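*Asks:* Contents of start.tsv (TSV, C-alpha atoms):
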```
chain	number	residue	atom	x	y	z
A	1	MET	CA	0.00	0.00	0.00
A	2	ALA	CA	2.51	2.56	1.23
A	3	GLY	CA	4.86	2.62	-1.75
A	4	PHE	CA	2.68	4.46	-4.23
A	5	GLN	CA	1.49	7.22	-1.91
A	6	ALA	CA	3.28	10.40	-0.89
A	7	PRO	CA	4.83	9.85	2.57
A	8	SER	CA	3.25	12.87	4.25
A	9	LEU	CA	-0.17	11.89	2.91
A	10	ALA	CA	0.32	8.29	4.03
A	11	ARG	CA	1.29	9.53	7.50
A	12	LEU	CA	-1.83	11.69	7.79
A	13	ILE	CA	-4.06	8.81	6.68
A	14	ASP	CA	-2.33	6.60	9.23
A	15	GLN	CA	-2.94	9.17	11.98
A	16	PHE	CA	-6.66	9.27	11.22
A	17	ASN	CA	-6.76	5.49	10.96
A	18	ARG	CA	-5.49	5.21	14.55
A	19	LEU	CA	-8.54	7.05	15.90
A	20	PRO	CA	-11.30	4.87	17.34
A	21	GLY	CA	-14.03	3.98	14.85
A	22	ILE	CA	-12.14	5.38	11.84
A	23	GLY	CA	-11.41	2.68	9.26
A	24	ALA	CA	-9.04	2.80	6.30
A	25	LYS	CA	-11.59	4.33	3.88
A	26	SER	CA	-12.75	7.02	6.31
A	27	ALA	CA	-9.15	7.85	7.20
A	28	GLN	CA	-8.41	8.40	3.52
A	29	ARG	CA	-11.51	10.55	3.07
A	30	LEU	CA	-10.64	12.67	6.13
A	31	ALA	CA	-7.05	13.13	4.96
A	32	TYR	CA	-8.20	14.36	1.54
A	33	HIS	CA	-10.59	16.69	3.33
A	34	VAL	CA	-7.67	18.18	5.28
A	35	LEU	CA	-5.75	18.72	2.03
A	36	ASN	CA	-8.72	20.64	0.67
A	37	MET	CA	-8.95	22.91	3.73
A	38	SER	CA	-7.55	26.41	3.60
A	39	ARG	CA	-4.21	26.74	5.40
A	40	ASP	CA	-5.95	28.64	8.18
A	41	GLU	CA	-8.50	25.90	8.75
A	42	ALA	CA	-5.81	23.23	8.81
A	43	LEU	CA	-3.80	25.29	11.27
A	44	GLN	CA	-6.83	25.73	13.54
A	45	PHE	CA	-7.44	21.98	13.50
A	46	SER	CA	-3.80	21.18	14.14
A	47	GLN	CA	-3.55	23.69	16.98
A	48	ALA	CA	-6.83	22.65	18.58
A	49	ILE	CA	-5.33	19.20	19.10
A	50	MET	CA	-2.27	20.42	20.99
A	51	ASP	CA	-4.19	23.17	22.72
A	52	ALA	CA	-6.72	20.72	24.16
A	53	HIS	CA	-4.10	18.10	24.88
A	54	ASP	CA	-1.84	20.50	26.78
A	55	ASN	CA	-4.44	22.52	28.63
A	56	ILE	CA	-7.15	20.08	29.58
A	57	HIS	CA	-6.85	18.43	32.99
A	58	LYS	CA	-9.15	17.37	35.81
A	59	CYS	CA	-11.17	19.96	37.75
A	60	GLU	CA	-9.79	20.25	41.29
A	61	ARG	CA	-13.22	19.75	42.76
A	62	CYS	CA	-15.28	17.42	40.56
A	63	CYS	CA	-12.60	15.79	38.34
A	64	ASN	CA	-14.47	16.76	35.16
A	65	LEU	CA	-12.26	17.99	32.32
A	66	THR	CA	-11.34	21.67	32.35
A	67	ASP	CA	-8.63	24.06	31.21
A	68	ASP	CA	-8.88	26.10	34.38
A	69	LYS	CA	-8.48	25.23	38.08
A	70	LEU	CA	-12.21	24.62	38.34
A	71	CYS	CA	-14.55	23.48	35.58
A	72	PRO	CA	-17.25	25.88	34.31
A	73	ILE	CA	-19.91	24.04	36.34
A	74	CYS	CA	-17.99	24.17	39.63
A	75	LYS	CA	-17.17	27.82	38.98
A	76	SER	CA	-20.81	28.73	38.32
A	77	THR	CA	-22.70	30.48	41.09
A	78	LYS	CA	-26.02	29.25	39.72
A	79	ARG	CA	-25.51	25.58	40.57
A	80	ASP	CA	-26.77	23.85	43.68
A	81	ASN	CA	-23.62	22.61	45.41
A	82	SER	CA	-25.55	20.46	47.88
A	83	THR	CA	-26.44	17.84	45.23
A	84	ILE	CA	-23.69	15.83	43.54
A	85	CYS	CA	-24.39	13.60	40.55
A	86	VAL	CA	-21.70	10.91	40.28
A	87	VAL	CA	-20.97	9.77	36.71
A	88	GLU	CA	-18.43	7.49	35.09
A	89	GLU	CA	-17.12	9.71	32.30
A	90	PRO	CA	-17.06	13.37	31.23
A	91	LYS	CA	-19.41	12.54	28.35
A	92	ASP	CA	-22.07	11.59	30.91
A	93	VAL	CA	-21.96	15.17	32.21
A	94	VAL	CA	-22.69	16.32	28.66
A	95	ALA	CA	-25.68	13.96	28.52
A	96	PHE	CA	-27.13	15.30	31.80
A	97	GLU	CA	-26.54	18.93	30.84
A	98	LYS	CA	-28.47	18.36	27.62
A	99	THR	CA	-31.59	17.46	29.62
A	100	GLN	CA	-31.51	20.99	31.15
A	101	GLU	CA	-33.23	19.41	34.16
A	102	TYR	CA	-30.31	19.19	36.57
A	103	SER	CA	-29.00	22.18	38.48
A	104	GLY	CA	-26.68	20.41	40.93
A	105	VAL	CA	-22.99	19.67	40.45
A	106	TYR	CA	-21.13	16.57	39.28
A	107	HIS	CA	-18.37	14.22	40.24
A	108	VAL	CA	-16.61	12.35	37.45
A	109	LEU	CA	-15.12	8.98	38.44
A	110	HIS	CA	-13.16	8.44	35.20
A	111	GLY	CA	-14.03	4.75	35.13
A	112	VAL	CA	-15.75	2.07	37.19
A	113	ILE	CA	-14.50	-0.55	39.59
A	114	SER	CA	-13.66	-3.49	37.35
A	115	PRO	CA	-11.52	-6.21	38.96
A	116	LEU	CA	-11.38	-8.12	35.64
A	117	ASN	CA	-9.62	-5.15	34.04
A	118	GLY	CA	-7.48	-4.58	37.11
A	119	ILE	CA	-9.30	-1.38	38.07
A	120	GLY	CA	-9.85	-1.08	41.81
A	121	PRO	CA	-11.45	1.72	43.85
A	122	ASP	CA	-8.11	3.55	44.05
A	123	GLN	CA	-7.76	3.87	40.27
A	124	ILE	CA	-10.90	6.00	39.93
A	125	SER	CA	-11.64	9.26	41.71
A	126	ILE	CA	-13.58	7.84	44.67
A	127	LYS	CA	-11.36	9.27	47.40
A	128	GLU	CA	-11.82	12.76	45.94
A	129	LEU	CA	-15.59	12.25	46.21
A	130	VAL	CA	-15.40	10.99	49.80
A	131	LYS	CA	-13.21	13.96	50.76
A	132	ARG	CA	-15.61	16.35	49.08
A	133	VAL	CA	-18.65	14.91	50.88
A	134	SER	CA	-16.89	14.78	54.25
A	135	GLU	CA	-16.07	18.49	53.98
A	136	GLY	CA	-19.82	19.06	54.44
A	137	GLY	CA	-22.49	21.05	52.63
A	138	VAL	CA	-23.67	18.06	50.59
A	139	SER	CA	-27.19	16.74	51.20
A	140	GLU	CA	-27.64	14.25	48.35
A	141	VAL	CA	-25.38	12.17	46.14
A	142	ILE	CA	-27.05	10.73	43.03
A	143	MET	CA	-25.29	7.62	41.74
A	144	ALA	CA	-25.53	7.89	37.94
A	145	THR	CA	-23.07	5.21	36.90
A	146	ASN	CA	-24.13	3.05	33.95
A	147	ALA	CA	-26.73	0.32	34.42
A	148	THR	CA	-24.09	-2.37	33.88
A	149	ALA	CA	-22.81	-4.91	36.41
A	150	GLU	CA	-19.71	-2.79	36.94
A	151	GLY	CA	-21.61	0.49	37.18
A	152	GLU	CA	-23.93	-1.16	39.67
A	153	THR	CA	-21.09	-2.51	41.81
A	154	THR	CA	-19.39	0.87	41.82
A	155	ALA	CA	-22.62	2.60	42.86
A	156	ILE	CA	-23.10	0.20	45.77
A	157	TYR	CA	-19.44	0.42	46.82
A	158	ILE	CA	-19.56	4.22	46.90
A	159	SER	CA	-22.92	4.38	48.68
A	160	ARG	CA	-21.46	2.23	51.48
A	161	LEU	CA	-18.61	4.70	51.89
A	162	LEU	CA	-20.86	7.76	51.85
A	163	LYS	CA	-23.82	6.70	54.01
A	164	PRO	CA	-21.80	6.76	57.27
A	165	LEU	CA	-21.08	10.44	56.48
A	166	GLY	CA	-24.80	11.15	56.92
A	167	VAL	CA	-25.54	11.98	53.29
A	168	LYS	CA	-28.55	10.74	51.29
A	169	VAL	CA	-27.40	8.47	48.45
A	170	THR	CA	-29.83	7.83	45.57
A	171	ARG	CA	-29.69	5.86	42.33
A	172	LEU	CA	-31.15	6.73	38.92
A	173	ALA	CA	-34.50	5.06	38.27
A	174	TYR	CA	-34.63	1.92	36.14
A	175	GLY	CA	-37.48	1.42	33.73
A	176	ILE	CA	-38.75	1.48	30.19
A	177	PRO	CA	-36.97	4.07	28.01
A	178	VAL	CA	-39.38	6.83	27.01
A	179	GLY	CA	-40.83	6.16	23.58
A	180	ALA	CA	-39.82	2.49	23.62
A	181	ASP	CA	-42.07	-0.38	22.71
A	182	LEU	CA	-42.75	-2.77	25.62
A	183	GLU	CA	-42.29	-5.68	23.23
A	184	TYR	CA	-38.60	-4.89	22.88
A	185	ALA	CA	-37.81	-4.29	26.55
A	186	ASP	CA	-35.76	-7.10	28.09
A	187	GLU	CA	-37.14	-9.02	31.09
A	188	VAL	CA	-34.81	-7.47	33.64
A	189	THR	CA	-35.75	-3.95	32.61
A	190	LEU	CA	-39.45	-4.85	32.62
A	191	ALA	CA	-39.19	-6.42	36.07
A	192	ARG	CA	-37.42	-3.30	37.37
A	193	ALA	CA	-40.04	-1.06	35.77
A	194	LEU	CA	-42.77	-3.05	37.51
A	195	GLU	CA	-40.93	-2.93	40.82
A	196	GLY	CA	-40.49	0.84	40.60
A	197	ARG	CA	-44.05	1.59	39.49
A	198	ASN	CA	-45.53	4.92	40.58
A	199	GLU	CA	-49.11	5.87	41.39
A	200	LEU	CA	-50.81	7.93	38.70
B	1	MET	CA	-24.15	23.29	25.09
B	2	ALA	CA	-20.92	25.30	25.09
B	3	GLY	CA	-21.18	26.94	28.49
B	4	PHE	CA	-20.45	23.93	30.67
B	5	GLN	CA	-17.47	22.63	28.74
B	6	ALA	CA	-13.88	23.80	28.85
B	7	PRO	CA	-13.26	26.12	25.86
B	8	SER	CA	-10.24	24.27	24.48
B	9	LEU	CA	-12.12	20.97	24.67
B	10	ALA	CA	-15.19	22.50	23.01
B	11	ARG	CA	-12.96	23.84	20.24
B	12	LEU	CA	-11.40	20.44	19.59
B	13	ILE	CA	-14.82	18.76	19.51
B	14	ASP	CA	-15.98	21.45	17.08
B	15	GLN	CA	-12.96	20.84	14.85
B	16	PHE	CA	-13.71	17.11	14.64
B	17	ASN	CA	-17.38	17.85	14.10
B	18	ARG	CA	-16.52	19.85	10.97
B	19	LEU	CA	-14.98	16.80	9.30
B	20	PRO	CA	-17.21	14.99	6.80
B	21	GLY	CA	-19.15	12.10	8.28
B	22	ILE	CA	-18.24	12.94	11.89
B	23	GLY	CA	-21.33	13.74	13.97
B	24	ALA	CA	-21.53	15.35	17.39
B	25	LYS	CA	-21.13	12.10	19.34
B	26	SER	CA	-18.19	10.86	17.29
B	27	ALA	CA	-16.52	14.26	17.53
B	28	GLN	CA	-16.78	14.09	21.30
B	29	ARG	CA	-15.40	10.55	21.37
B	30	LEU	CA	-12.48	11.50	19.13
B	31	ALA	CA	-11.69	14.57	21.25
B	32	TYR	CA	-11.57	12.48	24.43
B	33	HIS	CA	-9.35	10.03	22.60
B	34	VAL	CA	-6.92	12.85	21.78
B	35	LEU	CA	-6.87	13.88	25.46
B	36	ASN	CA	-5.92	10.33	26.38
B	37	MET	CA	-3.05	10.21	23.90
B	38	SER	CA	0.51	10.69	25.08
B	39	ARG	CA	1.87	14.17	24.29
B	40	ASP	CA	4.07	12.61	21.60
B	41	GLU	CA	1.15	10.96	19.87
B	42	ALA	CA	-0.90	14.16	19.95
B	43	LEU	CA	2.06	16.08	18.54
B	44	GLN	CA	2.49	13.56	15.72
B	45	PHE	CA	-1.19	13.87	14.86
B	46	SER	CA	-1.13	17.65	15.00
B	47	GLN	CA	2.02	17.87	12.88
B	48	ALA	CA	0.83	15.30	10.33
B	49	ILE	CA	-2.05	17.66	9.51
B	50	MET	CA	0.14	20.66	8.75
B	51	ASP	CA	2.84	18.53	7.19
B	52	ALA	CA	0.44	16.99	4.69
B	53	HIS	CA	-1.41	20.25	4.14
B	54	ASP	CA	1.76	22.20	3.39
B	55	ASN	CA	3.69	19.62	1.40
B	56	ILE	CA	1.13	17.80	-0.70
B	57	HIS	CA	0.50	19.13	-4.21
B	58	LYS	CA	-0.16	17.73	-7.66
B	59	CYS	CA	2.43	15.59	-9.45
B	60	GLU	CA	3.88	17.53	-12.39
B	61	ARG	CA	3.19	14.66	-14.73
B	62	CYS	CA	0.03	12.82	-13.66
B	63	CYS	CA	-1.63	15.31	-11.23
B	64	ASN	CA	-1.85	12.68	-8.49
B	65	LEU	CA	-1.05	13.95	-5.00
B	66	THR	CA	2.61	13.96	-4.01
B	67	ASP	CA	5.07	15.77	-1.78
B	68	ASP	CA	7.80	15.66	-4.41
B	69	LYS	CA	8.01	16.99	-7.99
B	70	LEU	CA	6.82	13.63	-9.29
B	71	CYS	CA	4.62	11.13	-7.47
B	72	PRO	CA	6.07	7.75	-6.44
B	73	ILE	CA	4.37	6.03	-9.39
B	74	CYS	CA	5.69	8.47	-12.02
B	75	LYS	CA	9.14	8.27	-10.43
B	76	SER	CA	9.19	4.46	-10.51
B	77	THR	CA	11.27	2.79	-13.21
B	78	LYS	CA	9.13	-0.34	-12.99
B	79	ARG	CA	5.96	1.16	-14.45
B	80	ASP	CA	4.90	0.97	-18.09
B	81	ASN	CA	4.75	4.61	-19.20
B	82	SER	CA	2.99	3.74	-22.47
B	83	THR	CA	-0.33	2.98	-20.73
B	84	ILE	CA	-2.19	5.73	-18.89
B	85	CYS	CA	-5.20	5.00	-16.71
B	86	VAL	CA	-7.35	8.15	-16.37
B	87	VAL	CA	-9.23	8.42	-13.06
B	88	GLU	CA	-11.37	11.07	-11.37
B	89	GLU	CA	-9.77	11.24	-7.95
B	90	PRO	CA	-6.56	10.25	-6.12
B	91	LYS	CA	-8.52	7.63	-4.17
B	92	ASP	CA	-9.22	5.82	-7.44
B	93	VAL	CA	-5.46	5.35	-7.88
B	94	VAL	CA	-5.44	3.70	-4.45
B	95	ALA	CA	-8.25	1.37	-5.56
B	96	PHE	CA	-6.39	0.30	-8.72
B	97	GLU	CA	-3.08	-0.15	-6.91
B	98	LYS	CA	-4.79	-2.49	-4.46
B	99	THR	CA	-5.68	-4.87	-7.30
B	100	GLN	CA	-1.93	-5.31	-7.99
B	101	GLU	CA	-2.95	-5.99	-11.59
B	102	TYR	CA	-1.99	-2.71	-13.21
B	103	SER	CA	1.57	-1.78	-14.05
B	104	GLY	CA	0.94	1.31	-16.19
B	105	VAL	CA	0.77	4.90	-14.98
B	106	TYR	CA	-2.15	7.18	-14.08
B	107	HIS	CA	-3.62	10.54	-14.82
B	108	VAL	CA	-5.82	12.12	-12.15
B	109	LEU	CA	-8.49	14.52	-13.42
B	110	HIS	CA	-9.52	15.88	-9.99
B	111	GLY	CA	-13.17	15.89	-10.95
B	112	VAL	CA	-15.47	15.29	-13.90
B	113	ILE	CA	-17.11	17.54	-16.42
B	114	SER	CA	-20.33	18.61	-14.73
B	115	PRO	CA	-22.11	21.59	-16.30
B	116	LEU	CA	-24.75	21.53	-13.53
B	117	ASN	CA	-22.03	22.20	-10.96
B	118	GLY	CA	-20.30	24.69	-13.21
B	119	ILE	CA	-17.35	22.39	-13.88
B	120	GLY	CA	-16.20	22.53	-17.48
B	121	PRO	CA	-13.29	20.74	-19.22
B	122	ASP	CA	-10.90	23.54	-18.18
B	123	GLN	CA	-11.52	23.06	-14.47
B	124	ILE	CA	-10.16	19.52	-14.46
B	125	SER	CA	-6.73	18.41	-15.60
B	126	ILE	CA	-7.66	17.45	-19.18
B	127	LYS	CA	-5.19	19.77	-20.92
B	128	GLU	CA	-2.34	18.23	-18.90
B	129	LEU	CA	-3.44	14.81	-20.20
B	130	VAL	CA	-3.65	15.98	-23.82
B	131	LYS	CA	-0.21	17.57	-23.54
B	132	ARG	CA	1.19	14.38	-22.03
B	133	VAL	CA	-0.23	12.18	-24.80
B	134	SER	CA	0.81	14.55	-27.57
B	135	GLU	CA	4.41	14.39	-26.32
B	136	GLY	CA	4.41	10.78	-27.56
B	137	GLY	CA	5.35	7.41	-26.08
B	138	VAL	CA	1.77	6.60	-25.08
B	139	SER	CA	0.06	3.68	-26.81
B	140	GLU	CA	-3.13	3.27	-24.75
B	141	VAL	CA	-5.28	5.48	-22.54
B	142	ILE	CA	-7.76	3.62	-20.32
B	143	MET	CA	-10.74	5.77	-19.33
B	144	ALA	CA	-11.51	4.75	-15.75
B	145	THR	CA	-13.89	7.52	-14.71
B	146	ASN	CA	-16.90	6.45	-12.67
B	147	ALA	CA	-19.82	4.68	-14.35
B	148	THR	CA	-22.05	7.73	-13.76
B	149	ALA	CA	-23.55	10.02	-16.39
B	150	GLU	CA	-20.84	12.60	-15.68
B	151	GLY	CA	-18.02	10.07	-15.65
B	152	GLU	CA	-19.34	8.71	-18.93
B	153	THR	CA	-19.55	12.14	-20.56
B	154	THR	CA	-16.05	12.99	-19.42
B	155	ALA	CA	-14.70	9.72	-20.83
B	156	ILE	CA	-16.32	10.36	-24.21
B	157	TYR	CA	-15.16	14.00	-24.25
B	158	ILE	CA	-11.56	13.01	-23.53
B	159	SER	CA	-11.56	10.15	-26.00
B	160	ARG	CA	-12.58	12.57	-28.77
B	161	LEU	CA	-9.63	14.79	-27.93
B	162	LEU	CA	-7.16	11.92	-27.77
B	163	LYS	CA	-8.13	9.77	-30.76
B	164	PRO	CA	-6.86	12.32	-33.34
B	165	LEU	CA	-3.46	12.00	-31.63
B	166	GLY	CA	-3.33	8.37	-32.81
B	167	VAL	CA	-3.60	6.76	-29.40
B	168	LYS	CA	-5.85	3.79	-28.50
B	169	VAL	CA	-8.54	4.87	-26.02
B	170	THR	CA	-10.33	2.15	-24.02
B	171	ARG	CA	-13.03	2.12	-21.34
B	172	LEU	CA	-13.36	-0.15	-18.29
B	173	ALA	CA	-15.74	-3.09	-18.86
B	174	TYR	CA	-19.28	-2.89	-17.55
B	175	GLY	CA	-20.91	-5.95	-16.07
B	176	ILE	CA	-21.98	-7.87	-13.01
B	177	PRO	CA	-19.77	-7.18	-9.97
B	178	VAL	CA	-17.84	-10.32	-8.98
B	179	GLY	CA	-19.64	-12.17	-6.21
B	180	ALA	CA	-22.92	-10.36	-6.81
B	181	ASP	CA	-26.30	-12.02	-7.10
B	182	LEU	CA	-27.95	-11.59	-10.53
B	183	GLU	CA	-31.23	-10.89	-8.79
B	184	TYR	CA	-29.89	-7.63	-7.40
B	185	ALA	CA	-28.25	-6.33	-10.57
B	186	ASP	CA	-30.15	-3.42	-12.14
B	187	GLU	CA	-31.43	-3.74	-15.70
B	188	VAL	CA	-28.90	-1.40	-17.25
B	189	THR	CA	-25.98	-3.30	-15.73
B	190	LEU	CA	-27.47	-6.63	-16.80
B	191	ALA	CA	-28.02	-5.37	-20.35
B	192	ARG	CA	-24.41	-4.15	-20.51
B	193	ALA	CA	-23.16	-7.46	-19.10
B	194	LEU	CA	-25.08	-9.30	-21.83
B	195	GLU	CA	-23.80	-6.96	-24.51
B	196	GLY	CA	-20.20	-7.43	-23.40
B	197	ARG	CA	-20.37	-11.22	-23.02
B	198	ASN	CA	-17.22	-13.20	-23.70
B	199	GLU	CA	-16.76	-16.70	-25.12
B	200	LEU	CA	-15.81	-19.31	-22.53
```
The structure given in the file should be rewritten as structure tokens.
*Replies:*
Amino acid sequence: MAGFQAPSLARLIDQFNRLPGIGAKSAQRLAYHVLNMSRDEALQFSQAIMDAHDNIHKCERCCNLTDDKLCPICKSTKRDNSTICVVEEPKDVVAFEKTQEYSGVYHVLHGVISPLNGIGPDQISIKELVKRVSEGGVSEVIMATNATAEGETTAIYISRLLKPLGVKVTRLAYGIPVGADLEYADEVTLARALEGRNEL
Amino acid sequence: MAGFQAPSLARLIDQFNRLPGIGAKSAQRLAYHVLNMSRDEALQFSQAIMDAHDNIHKCERCCNLTDDKLCPICKSTKRDNSTICVVEEPKDVVAFEKTQEYSGVYHVLHGVISPLNGIGPDQISIKELVKRVSEGGVSEVIMATNATAEGETTAIYISRLLKPLGVKVTRLAYGIPVGADLEYADEVTLARALEGRNEL
């Protein structure tokens, strides 16, 4: 393959090909797209990579990604600091913010407890959460880890650490996704939806 | 959306989002991937963009993309310079090279004649091809533009320019794709396959 292509083009295609979910054909298409950009656009793209890579780090308080000491949410004076929503990844914060229904703050674990993958409680930001709660001012911690076995385990592990600190620990509701057809819901979800039924 | 995310992260996500075929979710995933790269990897990616953008231009002879005066194929002493395969885009060269069945050289048009999009014969590299053929040493020109109305028109247009120069102009065969089910072949393709039938 390599021999008939210009080296700097082959290198750019290879760089795109290394990204997750980008196959050989897409990598080629993206590389040609870069060649067709104006120099300014290419420079902006190139610089955005290093800029983000060099400046983004974890927020001192909630461990979400930020380029400042505190993330925009922790810095905001409009958020309710007494409610902390605990999520696995920064992208989960994005998902919650999109609902425009949550005004509390977050705590990003950056993973879940997963003994099979060698990830114990110390590898994710649990101690930062415990410290934050023990400093006071927190009334509720919402466990919003994924509804997987590992997310579940992590939620239970954390709730056991937090309850002795006198804080209310809650878990996201399980049930039928809105708009979904009952026919396609799996048994476990259906059973949980039944269990958590509410009076109308 | 923007307010709760770190500016340099938002900018990187936006840059990925501008690429063709990359939606909001993928852009986010790719940006997080960049953050998780080592600084060296990020730097390589960032530099590959500018490196390719600044160094890649058209080959003096065949108009394929290269970072040298001539592309690797035109520079090669192992290629048969008397056969030129005319293609629309650089990616078509990649497709032919993958077959490992073609030892001639190429000519890349960078488009097709398309009056509806305001692209006439002068906007694509036809004159470079005519000049190349008229300089002699070429015995056959294979028209390998796409099997679309525009690719077809371009092939016919070019063949009319080249034939007076005493060169043989051929067109790729039409027919059933290898491995395809007859049932799913459209009528036009089937008719062409019948028309072009060969003795066994």
*Asks:* Please provide the set of residues having any atom within 6 Å of range 109-116 of chain A, restricted to all atoms listed in the file, with same-chain residues fewer than 4 positions apart removed, written as a VMD selection string.
*Replies:* chain A and resid 88 to 89 120 to 121 124 to 125 154
*Asks:* Store the residues picked out above in a file with C-alpha atoms, as a PDB file, keeping the file's coordinate frame.
*Replies:*
```pdb
ATOM      1  CA  GLU A  88     -18.430   7.490  35.090  1.00  0.00           C
ATOM      2  CA  GLU A  89     -17.120   9.710  32.300  1.00  0.00           C
ATOM      3  CA  GLY A 120      -9.850  -1.080  41.810  1.00  0.00           C
ATOM      4  CA  PRO A 121     -11.450   1.720  43.850  1.00  0.00           C
ATOM      5  CA  ILE A 124     -10.900   6.000  39.930  1.00  0.00           C
ATOM      6  CA  SER A 125     -11.640   9.260  41.710  1.00  0.00           C
ATOM      7  CA  THR A 154     -19.390   0.870  41.820  1.00  0.00           C
TER       8      THR A 154
END
```
*Asks:* Could you build a table of the residues in chain B lying no more than 6 Å from chain A, giving for each the nearest pair of atoms and their separation in Å rounded to one decimal place, using only C-alpha atoms, ordered by chain and ascending residue number, as JSON lines?
*Replies:*
```
{"residue": "B:Phe4", "atom": "CA", "partner": "A:Pro72", "partner_atom": "CA", "distance": 5.2}
{"residue": "B:Ala6", "atom": "CA", "partner": "A:Thr66", "partner_atom": "CA", "distance": 4.8}
{"residue": "B:Ser8", "atom": "CA", "partner": "A:Ala52", "partner_atom": "CA", "distance": 5.0}
{"residue": "B:Leu9", "atom": "CA", "partner": "A:Ala52", "partner_atom": "CA", "distance": 5.4}
{"residue": "B:Leu12", "atom": "CA", "partner": "A:Ala48", "partner_atom": "CA", "distance": 5.2}
{"residue": "B:Gln15", "atom": "CA", "partner": "A:Phe45", "partner_atom": "CA", "distance": 5.8}
{"residue": "B:Leu35", "atom": "CA", "partner": "A:His53", "partner_atom": "CA", "distance": 5.1}
{"residue": "B:Phe45", "atom": "CA", "partner": "A:Gln15", "partner_atom": "CA", "distance": 5.8}
{"residue": "B:Ser46", "atom": "CA", "partner": "A:Ser46", "partner_atom": "CA", "distance": 4.5}
{"residue": "B:Ala48", "atom": "CA", "partner": "A:Leu12", "partner_atom": "CA", "distance": 5.2}
{"residue": "B:Ala52", "atom": "CA", "partner": "A:Ser8", "partner_atom": "CA", "distance": 5.0}
{"residue": "B:His53", "atom": "CA", "partner": "A:Leu35", "partner_atom": "CA", "distance": 5.1}
{"residue": "B:Thr66", "atom": "CA", "partner": "A:Ala6", "partner_atom": "CA", "distance": 4.8}
{"residue": "B:Asp67", "atom": "CA", "partner": "A:Ala6", "partner_atom": "CA", "distance": 5.7}
{"residue": "B:Pro72", "atom": "CA", "partner": "A:Phe4", "partner_atom": "CA", "distance": 5.2}
{"residue": "B:Ile73", "atom": "CA", "partner": "A:Phe4", "partner_atom": "CA", "distance": 5.7}
```
*Asks:* One decimal, in Å: what's the spacing between CA of Tyr106 in chain B and CA of Ala144 in chain B?
*Replies:*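 CA of Ala144 in chain B lies 9.8 Å from CA of Tyr106 in chain B.
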*Asks:* So how far away is CA of Ser82 in chain B from CA of Gly104 in chain B, in Å?
*Replies:*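 The value is 7.0 Å.
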*Asks:* For range 37-52 of chain A, I'd like the enclosing box, axis-aligned and padded by 6 Å on every side, reported as lines of an AutoDock Vina configuration file with centre and edge lengths in Å to one decimal.
*Replies:*
```
center_x = -5.6
center_y = 23.9
center_z = 13.9
size_x = 18.7
size_y = 21.4
size_z = 32.6
```
*Asks:* If I take CA of Glu128 in chain A and CA of Ala95 in chain A, how far is one from the other in Å, to one decimal?
*Replies:* 22.3 Å
*Asks:* Which is closer to Lys168 in chain A than all the others in A:Ala185, A:Leu200, A:Val86, A:Ile142, using all atoms listed in the file?
*Replies:*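 Of the candidates, the smallest distance to Lys168 in chain A is held by A:Ile142.
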*Asks:* Could you name the residues that touch range 134-136 of chain B at 9 Å or less, counting only C-alpha atoms, but leaving out those on the same chain fewer than 4 positions away, as a PDB file with C-alpha atoms, in the coordinates of the input?
*Replies:*
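The resulting file, around07.pdb, is reproduced below:
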```pdb
ATOM      1  CA  SER B  82       2.990   3.740 -22.470  1.00  0.00           C
ATOM      2  CA  LEU B 129      -3.440  14.810 -20.200  1.00  0.00           C
ATOM      3  CA  VAL B 130      -3.650  15.980 -23.820  1.00  0.00           C
ATOM      4  CA  LEU B 162      -7.160  11.920 -27.770  1.00  0.00           C
ATOM      5  CA  LEU B 165      -3.460  12.000 -31.630  1.00  0.00           C
TER       6      LEU B 165
END
```
*Asks:* Pick out the residues sitting within 7 Å of Ile176 in chain B, and hand them over as a VMD selection string; count only C-alpha atoms, and ignore anything fewer than 5 positions along from it in its own chain.
*Replies:* chain B and resid 185 189 to 190 193
*Asks:* Take the residues that were just selected and, keeping C-alpha atoms, output them as a compact mmCIF listing (two decimals), in the coordinates of the input.
*Replies:*
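Output (part37.txt):
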```txt
# COMPACT_ATOMS: atom_id res chain seq x y z
CA ALA B 185 -28.25 -6.33 -10.57
CA THR B 189 -25.98 -3.30 -15.73
CA LEU B 190 -27.47 -6.63 -16.80
CA ALA B 193 -23.16 -7.46 -19.10
```
*Asks:* Write out as a PyMOL selection string the residues lying within 9 Å of Val167 in chain A, counting all atoms listed in the file and excluding same-chain residues fewer than 6 positions away.
*Replies:* chain A and resi 133+138-141
*Asks:* Residues as selected, C-alpha atoms, written as a short mmCIF file (atom, residue, chain, number, x, y, z; two decimals), keeping the file's coordinate frame, can you do that?
*Replies:*
```cif
data_model
loop_
_atom_site.label_atom_id
_atom_site.label_comp_id
_atom_site.auth_asym_id
_atom_site.auth_seq_id
_atom_site.Cartn_x
_atom_site.Cartn_y
_atom_site.Cartn_z
CA VAL A 133 -18.65 14.91 50.88
CA VAL A 138 -23.67 18.06 50.59
CA SER A 139 -27.19 16.74 51.20
CA GLU A 140 -27.64 14.25 48.35
CA VAL A 141 -25.38 12.17 46.14
#
```
